[in-house]
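Everything below belongs to final-v2.pdb, which stores PDB, C-alpha atoms.
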ATOM      1  CA  MET A   1       0.000   0.000   0.000
ATOM      2  CA  GLN A   2       1.199   3.479  -0.797
ATOM      3  CA  ASN A   3       1.968   6.028   1.860
ATOM      4  CA  ARG A   4      -0.800   8.644   1.838
ATOM      5  CA  LYS A   5      -0.478  12.199   2.948
ATOM      6  CA  SER A   6      -2.910  13.492   5.571
ATOM      7  CA  ASN A   7      -4.660  15.779   3.064
ATOM      8  CA  ASP A   8      -5.427  12.926   0.627
ATOM      9  CA  VAL A   9      -9.135  12.189   0.736
ATOM     10  CA  LEU A  10      -9.430   9.628  -2.034
ATOM     11  CA  SER A  11      -8.133   6.123  -1.809
ATOM     12  CA  PRO A  12      -5.503   5.130  -4.377
ATOM     13  CA  THR A  13      -7.993   2.837  -6.114
ATOM     14  CA  THR A  14     -10.507   5.619  -6.892
ATOM     15  CA  HIS A  15     -10.233   7.103 -10.348
ATOM     16  CA  ILE A  16     -12.195  10.220 -11.218
ATOM     17  CA  ASN A  17     -12.524  11.505 -14.709
ATOM     18  CA  GLN A  18     -14.848  13.842 -16.596
ATOM     19  CA  LYS A  19     -16.953  10.962 -17.905
ATOM     20  CA  ASN A  20     -17.823   9.714 -14.397
ATOM     21  CA  ILE A  21     -18.756  13.178 -13.151
ATOM     22  CA  THR A  22     -21.147  13.992 -16.009
ATOM     23  CA  SER A  23     -22.889  10.658 -15.609
ATOM     24  CA  PHE A  24     -23.794  11.517 -11.974
ATOM     25  CA  VAL A  25     -24.441  15.245 -12.266
ATOM     26  CA  LYS A  26     -27.069  16.539 -14.617
ATOM     27  CA  VAL A  27     -26.208  19.953 -15.970
ATOM     28  CA  GLN A  28     -29.169  22.276 -15.520
ATOM     29  CA  THR A  29     -29.982  25.109 -17.819
ATOM     30  CA  LYS A  30     -31.523  28.434 -16.894
ATOM     31  CA  SER A  31     -34.941  27.323 -18.122
ATOM     32  CA  ASP A  32     -34.752  24.213 -15.901
ATOM     33  CA  TYR A  33     -33.928  26.426 -12.942
ATOM     34  CA  GLU A  34     -36.813  28.798 -13.671
ATOM     35  CA  SER A  35     -39.270  25.911 -14.038
ATOM     36  CA  LEU A  36     -38.140  24.431 -10.704
ATOM     37  CA  LEU A  37     -38.389  27.837  -9.057
ATOM     38  CA  LYS A  38     -41.908  28.357 -10.400
ATOM     39  CA  ARG A  39     -42.954  24.900  -9.195
ATOM     40  CA  LEU A  40     -41.584  25.666  -5.727
ATOM     41  CA  GLN A  41     -43.405  29.010  -5.575
ATOM     42  CA  ASP A  42     -46.655  27.329  -6.607
ATOM     43  CA  LYS A  43     -46.277  24.775  -3.821
ATOM     44  CA  LEU A  44     -45.461  27.407  -1.213
ATOM     45  CA  GLY A  45     -48.190  29.790  -2.303
ATOM     46  CA  ASN A  46     -48.048  33.534  -2.699
ATOM     47  CA  GLU A  47     -45.482  34.870  -0.231
ATOM     48  CA  SER A  48     -46.930  38.381  -0.248
ATOM     49  CA  ARG A  49     -50.018  37.020   1.454
ATOM     50  CA  LYS A  50     -50.176  37.687   5.194
ATOM     51  CA  ALA A  51     -50.379  34.801   7.606
ATOM     52  CA  VAL A  52     -53.969  34.226   8.619
ATOM     53  CA  SER A  53     -54.500  34.283  12.356
ATOM     54  CA  ARG A  54     -57.218  32.357  14.119
ATOM     55  CA  LEU A  55     -57.554  35.174  16.606
ATOM     56  CA  GLU A  56     -60.291  37.497  15.421
ATOM     57  CA  VAL A  57     -60.471  40.632  17.511
ATOM     58  CA  PRO A  58     -63.762  42.510  17.049
ATOM     59  CA  THR A  59     -63.781  46.209  16.254
ATOM     60  CA  ALA A  60     -64.518  48.562  19.124
ATOM     61  CA  GLN A  61     -67.910  50.298  19.059
ATOM     62  CA  ILE A  62     -67.414  53.635  20.799
ATOM     63  CA  ILE A  63     -70.015  56.333  21.370
ATOM     64  CA  TRP A  64     -69.942  59.602  23.291
ATOM     65  CA  VAL A  65     -72.703  60.671  25.636
ATOM     66  CA  GLY A  66     -71.947  64.061  27.105
ATOM     67  CA  GLN A  67     -68.502  63.885  28.706
ATOM     68  CA  ARG A  68     -68.515  60.099  28.888
ATOM     69  CA  THR A  69     -67.206  57.548  26.450
ATOM     70  CA  ILE A  70     -69.122  54.290  26.163
ATOM     71  CA  PHE A  71     -67.390  51.172  24.892
ATOM     72  CA  ARG A  72     -70.513  49.328  23.721
ATOM     73  CA  ASN A  73     -69.146  45.878  22.865
ATOM     74  CA  PHE A  74     -66.513  45.576  25.582
ATOM     75  CA  MET A  75     -67.563  42.094  26.729
ATOM     76  CA  GLU A  76     -66.825  40.612  23.292
ATOM     77  CA  PHE A  77     -63.116  41.337  23.773
ATOM     78  CA  PRO A  78     -62.416  39.289  26.939
ATOM     79  CA  LYS A  79     -64.305  36.363  25.388
ATOM     80  CA  ALA A  80     -62.312  36.560  22.142
ATOM     81  CA  LEU A  81     -58.985  36.998  23.972
ATOM     82  CA  ARG A  82     -59.764  34.450  26.718
ATOM     83  CA  ARG A  83     -58.937  36.897  29.491
ATOM     84  CA  GLU A  84     -60.782  38.238  32.538
ATOM     85  CA  PRO A  85     -62.844  41.389  31.862
ATOM     86  CA  ALA A  86     -61.512  43.051  35.028
ATOM     87  CA  LYS A  87     -57.882  42.661  33.878
ATOM     88  CA  LEU A  88     -58.620  44.109  30.432
ATOM     89  CA  LEU A  89     -60.510  47.000  32.019
ATOM     90  CA  LEU A  90     -57.603  47.620  34.406
ATOM     91  CA  TYR A  91     -55.241  47.830  31.417
ATOM     92  CA  LEU A  92     -57.530  50.246  29.536
ATOM     93  CA  ASN A  93     -58.019  52.431  32.628
ATOM     94  CA  LYS A  94     -54.282  52.675  33.177
ATOM     95  CA  GLU A  95     -53.417  53.385  29.534
ATOM     96  CA  LEU A  96     -56.212  55.909  29.002
ATOM     97  CA  ALA A  97     -55.502  57.563  32.381
ATOM     98  CA  SER A  98     -59.203  57.551  33.082
ATOM     99  CA  ALA A  99     -61.688  55.880  35.370
ATOM    100  CA  GLY A 100     -63.980  53.331  33.791
ATOM    101  CA  TYR A 101     -66.488  50.826  35.073
ATOM    102  CA  ILE A 102     -68.391  47.864  33.689
ATOM    103  CA  ALA A 103     -72.132  48.378  33.214
ATOM    104  CA  GLY A 104     -73.618  45.201  31.752
ATOM    105  CA  GLU A 105     -72.059  44.429  28.368
ATOM    106  CA  ARG A 106     -70.394  47.825  28.090
ATOM    107  CA  VAL A 107     -67.815  49.980  29.860
ATOM    108  CA  ILE A 108     -68.283  53.646  30.640
ATOM    109  CA  PHE A 109     -65.176  55.858  30.781
ATOM    110  CA  LEU A 110     -65.156  59.354  32.214
ATOM    111  CA  GLY A 111     -64.120  61.947  29.633
ATOM    112  CA  ARG A 112     -64.107  61.899  25.831
ATOM    113  CA  LYS A 113     -61.695  59.356  24.395
ATOM    114  CA  GLU A 114     -60.862  58.929  20.726
ATOM    115  CA  PRO A 115     -62.244  55.728  19.132
ATOM    116  CA  SER A 116     -58.906  55.104  17.381
ATOM    117  CA  SER A 117     -57.106  54.955  20.736
ATOM    118  CA  PHE A 118     -59.203  51.952  21.789
ATOM    119  CA  GLY A 119     -58.224  49.972  18.704
ATOM    120  CA  ALA A 120     -54.544  50.756  19.206
ATOM    121  CA  LEU A 121     -54.669  49.834  22.891
ATOM    122  CA  ILE A 122     -56.444  46.542  22.206
ATOM    123  CA  ASP A 123     -53.850  45.690  19.534
ATOM    124  CA  ARG A 124     -51.031  46.453  21.958
ATOM    125  CA  TYR A 125     -52.719  44.366  24.690
ATOM    126  CA  VAL A 126     -53.023  41.431  22.284
ATOM    127  CA  LYS A 127     -49.365  41.733  21.287
ATOM    128  CA  ASP A 128     -48.065  42.030  24.860
ATOM    129  CA  TYR A 129     -50.425  39.768  26.833
ATOM    130  CA  VAL A 130     -52.115  37.304  24.454
ATOM    131  CA  ILE A 131     -49.849  36.314  21.533
ATOM    132  CA  CYS A 132     -47.018  33.895  22.360
ATOM    133  CA  PRO A 133     -43.661  35.613  21.693
ATOM    134  CA  VAL A 134     -42.063  32.288  20.726
ATOM    135  CA  CYS A 135     -44.474  30.755  18.210
ATOM    136  CA  GLY A 136     -47.033  33.532  17.629
ATOM    137  CA  SER A 137     -50.017  31.450  18.711
ATOM    138  CA  PRO A 138     -52.995  33.090  20.439
ATOM    139  CA  ASP A 139     -53.577  29.917  22.501
ATOM    140  CA  THR A 140     -52.125  31.209  25.748
ATOM    141  CA  ARG A 141     -53.088  31.518  29.361
ATOM    142  CA  THR A 142     -51.625  33.494  32.209
ATOM    143  CA  GLU A 143     -50.238  32.296  35.484
ATOM    144  CA  LYS A 144     -49.030  34.196  38.510
ATOM    145  CA  ASN A 145     -46.184  32.636  40.470
ATOM    146  CA  LYS A 146     -45.412  34.543  43.661
ATOM    147  CA  LYS A 147     -45.298  38.133  42.380
ATOM    148  CA  LEU A 148     -44.325  37.362  38.782
ATOM    149  CA  GLY A 149     -46.745  36.952  35.885
ATOM    150  CA  PHE A 150     -46.121  34.411  33.131
ATOM    151  CA  LEU A 151     -47.671  33.780  29.744
ATOM    152  CA  LEU A 152     -47.990  30.038  29.112
ATOM    153  CA  CYS A 153     -48.412  28.923  25.513
ATOM    154  CA  GLU A 154     -50.665  25.913  25.058
ATOM    155  CA  ALA A 155     -49.348  25.327  21.531
ATOM    156  CA  CYS A 156     -45.560  25.227  22.025
ATOM    157  CA  GLY A 157     -45.291  25.029  25.822
ATOM    158  CA  ALA A 158     -43.202  28.203  26.160
ATOM    159  CA  ARG A 159     -43.284  30.139  29.406
ATOM    160  CA  SER A 160     -42.594  33.856  29.003
ATOM    161  CA  SER A 161     -42.629  36.556  31.636
ATOM    162  CA  ILE A 162     -45.031  39.459  31.214
ATOM    163  CA  LYS A 163     -44.306  42.946  32.448
ATOM    164  CA  ALA A 164     -47.418  43.697  34.503
ATOM    165  CA  ASN A 165     -50.431  42.013  36.018
ATOM    166  CA  TYR A 166     -52.952  42.957  33.328
ATOM    167  CA  ALA A 167     -53.352  39.505  31.835
TER     168      ALA A 167
END
Entire entry expressed as structure tokens:
Amino acid sequence: MQNRKSNDVLSPTTHINQKNITSFVKVQTKSDYESLLKRLQDKLGNESRKAVSRLEVPTAQIIWVGQRTIFRNFMEFPKALRREPAKLLLYLNKELASAGYIAGERVIFLGRKEPSSFGALIDRYVKDYVICPVCGSPDTRTEKNKKLGFLLCEACGARSSIKANYA
């Protein structure tokens, strides 16, 4: 047997020539590449399409009566988000810097609040306290351990800390 150097990868009995390489490797043309790329894009779907979420947050119905703002369909939100109404109301009161109270299916806030601010606050609440930061699933629940709040994902099992006790 021949002495091999440490950088030799092939055994002395292996012979490689151009004929062997072309028999194993098919040379692809540009049109072959484009057809494969098109087939892959068709299988994956349109990438400009947004990911569809199962979480459907209703739109806020806000009316003003005098100097009060009434959030008419408030109770739909805790049901859709699977959270306690009192915690969601606590978050809205803190963020709007206003007092609010539950009256049946609605919440009455003192002072005139812009309807757009409710939508933005609900979106921020969903992002911070409902959606799992690891997998993006809305299937979460909250847990309080001593003085710390955690968001537990039922889809991936992740346990993430949350910054306040609004969830």
When you look at Met75 (chain A) with a cut-off of 9 Å (counting all atoms listed in the file), what residues show up, excluding the ones that are within fewer than 3 positions of it in the same chain? I need them as an MDAnalysis selection string.
chainID A and resid 72 78:80 85 104:107
In terms of the shortest atom-to-atom distance over all atoms listed in the file, which of A:Val65, A:Val126, A:Cys135, A:Ile108 is closest to Cys153 (chain A)?
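Closest to Cys153 (chain A) of all the choices is A:Cys135.
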Quick one: apply the PyMOL selection byres ((chain A and resi 163) around 9) to the file and drop the selected residues here as a ChimeraX atom specification.
/A:128-129,148-150,161-162,164-166
Rank nothing, just name the residue among A:Leu96, A:Ala158, A:Leu55, A:Leu88 nearest to Ser116 (chain A), using all atoms listed in the file.
A:Leu96
For Arg83 (chain A), find every residue with an atom within 9 Å (counting all atoms listed in the file), except residues of its own chain fewer than 6 positions away, and show them as a compact mmCIF listing (two decimals) with C-alpha atoms, in the frame of the given file.
# COMPACT_ATOMS: atom_id res chain seq x y z
CA PHE A 77 -63.12 41.34 23.77
CA VAL A 130 -52.12 37.30 24.45
CA ARG A 141 -53.09 31.52 29.36
CA THR A 142 -51.62 33.49 32.21
CA ALA A 167 -53.35 39.51 31.84
Atomic distance CA of Cys156 (chain A) - CA of Leu81 (chain A), expressed in Å with one decimal
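CA of Leu81 (chain A) lies 18.0 Å from CA of Cys156 (chain A).
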Find the residue from A:Trp64, A:Lys146, A:Leu90, A:Ser31 that sits nearest to Pro115 (chain A); use all atoms listed in the file when measuring.
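The shortest atom-to-atom distance to Pro115 (chain A) comes from A:Trp64.
For Ala99 (chain A), the non-local neighbours within 10 Å, defined as residues at least 6 positions apart in the same chain or in other chains and counting all atoms listed in the file, are Leu89, Leu90, Leu92, Asn93, Ile108, Phe109, Leu110 and Gly111 of chain A.
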Keeping only C-alpha atoms, write those residues as a short mmCIF file (atom, residue, chain, number, x, y, z; two decimals), keeping the file's coordinate frame.
data_model
loop_
_atom_site.label_atom_id
_atom_site.label_comp_id
_atom_site.auth_asym_id
_atom_site.auth_seq_id
_atom_site.Cartn_x
_atom_site.Cartn_y
_atom_site.Cartn_z
CA LEU A 89 -60.51 47.00 32.02
CA LEU A 90 -57.60 47.62 34.41
CA LEU A 92 -57.53 50.25 29.54
CA ASN A 93 -58.02 52.43 32.63
CA ILE A 108 -68.28 53.65 30.64
CA PHE A 109 -65.18 55.86 30.78
CA LEU A 110 -65.16 59.35 32.21
CA GLY A 111 -64.12 61.95 29.63
#
Going by the chain IDs and residue numbers used in this file, which residues fall under the PyMOL selection byres ((chain A and resi 139) around 7)? Write them as an mmCIF file with C-alpha atoms, in the frame of the given file.
data_model
loop_
_atom_site.group_PDB
_atom_site.id
_atom_site.type_symbol
_atom_site.label_atom_id
_atom_site.label_comp_id
_atom_site.auth_asym_id
_atom_site.auth_seq_id
_atom_site.Cartn_x
_atom_site.Cartn_y
_atom_site.Cartn_z
ATOM 1 C CA SER A 137 -50.017 31.450 18.711
ATOM 2 C CA PRO A 138 -52.995 33.090 20.439
ATOM 3 C CA THR A 140 -52.125 31.209 25.748
ATOM 4 C CA CYS A 153 -48.412 28.923 25.513
ATOM 5 C CA GLU A 154 -50.665 25.913 25.058
ATOM 6 C CA ALA A 155 -49.348 25.327 21.531
#
Hey, can you check how far CA of Arg124 (chain A) sits from CA of Glu56 (chain A)?
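Separation of CA of Arg124 (chain A) and CA of Glu56 (chain A): 14.4 Å.
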